[in-house]
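Step one of this worksheet: look at the structure below.
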Amino acid sequence: MDSEPTGKGILLKAEPIAATFIDEVRNTTAKCAQPPRLVGILATSSAPSKSYADFTRKQCEELGIEFVLKKTGAALSGELAEGEGVEEAIIEANGDDAVDGIMVYYPIFGGQQDHYLQQIVSPFKDVEGLHFKFHYNLYHKYERLSLSPPPGMVKSIIPCTPLAIVKCLEYISVYNRLLPYGDRAYGRTVTVINRSEVVGRPLAALLANDGARVLSVDIDSIQVCISTSIYYPRHVVHPSTLTLQECLAISDVVISAVPNPAYKVKTEWLKDGCICINVAGDKNFEKDIREKASMYIPAVGKVTILMLLRNL
């Protein structure tokens with residue numbers, strides 16, 4: 001295991017941020033007629049997925065939430081293929097009235113096949129916020145989701161990991177509470193390295209809709225996301241001619257979520273005093289990150305699970 005980066009910048013773990021939401025979830029759960037039931041579906045032999053499932057169970061037990069782990073495929077038996085039976089498990093949980101929420105431990109197949117599975121989960125039970133309807137609402141700045149049946153309106157879920165990152169930024173006062181709601185990231189320039197539909201793109205939309213100038217970096221392009229609410233009801237996206245090095249040099253906040261252990265953000269490219277957040281399972285920042293960054297958050301997983309449980 002790699003040692004934690006050292007330096008003059010502050011190392012902030014996720015625990016104190018997550019702790020600010022524990023009482024909220026516990027109190028909400030206590031008001032329920034019966035404990036909400038969350039079904040986790042584990043379909044692979046992946047050690048990180050198994051570890052995340054174990055952590056989910058522990059967190060649910062502490063907060064009075066019933067957690068049921070449904071194993072299928074290679075998670076159930078070494079004689080079964082990775083992901084075997086996962087679609088059937090999702091459909092079964094969708095149809096079970098006793099189930100309040102569903103989460104699936106990805107990646108399973110990767111790419112488009114995992115995206116397909118995310119759309120199978122009922123939006124009324126999707127606590128991760130991965131259904132396309134939630135993404136559409138976020139990108140178009142719609143706050144509520146209208147579906148039938150059942151009739152009426154329900155709150156639209158924001159994808160959990162991007163929301164957890166925003167909560168981290170609120171905690172460390174990157175968001176200015178003196179500004180009106182919806183503009184509290186105004187004046188901040190943020191680089192987001194990753195443009196996946198799970199983390200990077202929804203995060204860029206959230207930050208831009210809150211007033212930030214977001215530089216969205218992917219493998220083959222860089223885009224600028226900004227909110228011009230006078231003329232548009234939501235953020236707009238334009239191509240950028242900046243290089244990654246130029247983006248980092250002007251960014252107050254740098255967030256990296258590249259699922260590649262070999263990928264590292266160069267410390268020397270960072271703006272002095274910036275804030276850096278690692279979202280990837282493998283650390284995307286070099287060990288001397290705190291020599292340049294005023295604050296470094298190495299992981300957000302414990303905040304993400306609280307965001308997920310709030311959606312039950």
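Just remember, in the structure tokens the first chain shown is A, the second B, etc., residues are 1-based per chain, and ligands are 1-based in the order shown.
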Counting only C-alpha atoms, give me one row per residue of segment 74-176 of chain A with an atom at most 10 Å from an atom of segment 291-302 of chain A, showing the shortest contact pair and its distance in Å to one decimal, sorted by chain then residue number, as CSV.
residue,atom,partner,partner_atom,distance
A:Cys160,CA,A:Gly301,CA,9.7
A:Thr161,CA,A:Val300,CA,7.7
A:Pro162,CA,A:Val300,CA,9.7
A:Ala164,CA,A:Val300,CA,6.8
A:Ile165,CA,A:Val300,CA,6.9
A:Lys167,CA,A:Val300,CA,9.8
A:Cys168,CA,A:Val300,CA,8.0
A:Ile172,CA,A:Met295,CA,9.1
| request: Could you tell me, as a ChimeraX atom specification, which residues of segment 223-312 of chain A DSSP assigns to alpha helix (DSSP H) when given the backbone? | output: /A:244-249,301-310
Write out the residues from the selection above, keeping N, CA, C and O atoms, as a CSV table (one decimal), in the first residue's frame.
chain,number,residue,atom,x,y,z
A,244,LEU,N,-3.9,20.3,-21.3
A,244,LEU,CA,-4.1,20.0,-19.9
A,244,LEU,C,-3.2,20.8,-19.0
A,244,LEU,O,-3.6,21.3,-17.9
A,245,GLN,N,-1.9,21.0,-19.4
A,245,GLN,CA,-1.0,21.8,-18.6
A,245,GLN,C,-1.5,23.2,-18.4
A,245,GLN,O,-1.5,23.8,-17.2
A,246,GLU,N,-2.1,23.8,-19.4
A,246,GLU,CA,-2.6,25.1,-19.3
A,246,GLU,C,-3.9,25.2,-18.4
A,246,GLU,O,-4.1,26.1,-17.7
A,247,CYS,N,-4.7,24.1,-18.5
A,247,CYS,CA,-5.9,24.0,-17.6
A,247,CYS,C,-5.5,24.0,-16.1
A,247,CYS,O,-6.0,24.7,-15.3
A,248,LEU,N,-4.5,23.1,-15.8
A,248,LEU,CA,-4.1,23.0,-14.4
A,248,LEU,C,-3.5,24.2,-13.9
A,248,LEU,O,-3.7,24.6,-12.7
A,249,ALA,N,-2.8,25.0,-14.7
A,249,ALA,CA,-2.1,26.2,-14.3
A,249,ALA,C,-3.1,27.3,-13.8
A,249,ALA,O,-2.7,28.2,-13.0
A,301,GLY,N,-15.2,7.9,-1.3
A,301,GLY,CA,-16.1,6.8,-1.2
A,301,GLY,C,-17.0,6.8,0.0
A,301,GLY,O,-18.2,6.4,-0.1
A,302,LYS,N,-16.5,7.2,1.1
A,302,LYS,CA,-17.3,7.2,2.3
A,302,LYS,C,-18.4,8.3,2.3
A,302,LYS,O,-19.4,8.2,3.0
A,303,VAL,N,-18.2,9.3,1.5
A,303,VAL,CA,-19.2,10.4,1.3
A,303,VAL,C,-20.2,9.9,0.3
A,303,VAL,O,-21.4,10.0,0.5
A,304,THR,N,-19.7,9.2,-0.7
A,304,THR,CA,-20.6,8.6,-1.8
A,304,THR,C,-21.7,7.7,-1.2
A,304,THR,O,-22.8,7.8,-1.6
A,305,ILE,N,-21.3,6.8,-0.3
A,305,ILE,CA,-22.2,5.8,0.2
A,305,ILE,C,-23.3,6.5,1.1
A,305,ILE,O,-24.5,6.1,1.1
A,306,LEU,N,-23.0,7.7,1.7
A,306,LEU,CA,-24.0,8.4,2.5
A,306,LEU,C,-24.9,9.1,1.5
A,306,LEU,O,-26.2,9.2,1.8
A,307,MET,N,-24.4,9.6,0.4
A,307,MET,CA,-25.3,10.2,-0.6
A,307,MET,C,-26.3,9.1,-1.2
A,307,MET,O,-27.5,9.4,-1.4
A,308,LEU,N,-25.8,7.9,-1.3
A,308,LEU,CA,-26.6,6.8,-1.8
A,308,LEU,C,-27.7,6.5,-0.8
A,308,LEU,O,-28.9,6.3,-1.2
A,309,LEU,N,-27.4,6.4,0.4
A,309,LEU,CA,-28.3,6.0,1.5
A,309,LEU,C,-29.4,7.1,1.7
A,309,LEU,O,-30.5,6.8,2.1
A,310,ARG,N,-29.0,8.3,1.4
A,310,ARG,CA,-30.0,9.4,1.5
A,310,ARG,C,-31.1,9.2,0.5
A,310,ARG,O,-32.2,9.8,0.6
- Message: Residues near Ile219 of chain A, anyone? I mean within 9 Å using only C-alpha atoms, not counting same-chain ones fewer than 3 positions away, as a list of chain:residue names.
- Response: A:Ile193, A:Asn194, A:Arg195, A:Ile222
For those residues, write N, CA, C and O atoms to a file as a short mmCIF file (atom, residue, chain, number, x, y, z; two decimals), in the first residue's frame.
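Saved the output as out.cif:
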data_model
loop_
_atom_site.label_atom_id
_atom_site.label_comp_id
_atom_site.auth_asym_id
_atom_site.auth_seq_id
_atom_site.Cartn_x
_atom_site.Cartn_y
_atom_site.Cartn_z
N ILE A 193 -10.85 15.81 -14.67
CA ILE A 193 -10.18 14.88 -15.58
C ILE A 193 -10.96 13.56 -15.59
O ILE A 193 -10.87 12.77 -14.66
N ASN A 194 -11.75 13.37 -16.62
CA ASN A 194 -12.66 12.23 -16.78
C ASN A 194 -13.97 12.81 -17.30
O ASN A 194 -14.46 13.80 -16.76
N ARG A 195 -14.53 12.21 -18.35
CA ARG A 195 -15.81 12.68 -18.87
C ARG A 195 -16.78 11.52 -19.03
O ARG A 195 -17.60 11.49 -19.95
N ILE A 222 -10.68 18.57 -24.80
CA ILE A 222 -10.95 19.38 -23.62
C ILE A 222 -12.10 20.31 -23.95
O ILE A 222 -12.13 20.94 -25.02
#
Closest of A:Lys133, A:Lys125, A:Lys283, A:Lys155 to Leu38 of chain A, counting only C-alpha atoms, is A:Lys125
Could you give me, as CSV, every segment 193-292 of chain A residue with an atom at most 12 Å from segment 102-117 of chain A, plus its closest atom pair and distance in Å to one decimal, counting only C-alpha atoms, rows ordered by chain then number?
residue,atom,partner,partner_atom,distance
A:Ser196,CA,A:Gly111,CA,10.0
A:Glu197,CA,A:His115,CA,8.9
A:Val198,CA,A:His115,CA,9.3
A:Pro259,CA,A:Pro107,CA,10.9
Practice item. List every residue of segment 156-192 of chain A that DSSP, applied to the backbone of this structure, places in strand (DSSP E or B), and write the result as a PyMOL selection string. Key: chain A and resi 189-192
Review point. Between atom CA of Ile22 of chain A and atom CA of Ile158 of chain A, what is the spacing in Å?
Key: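 Between these atoms lies a distance of 18.6 Å.
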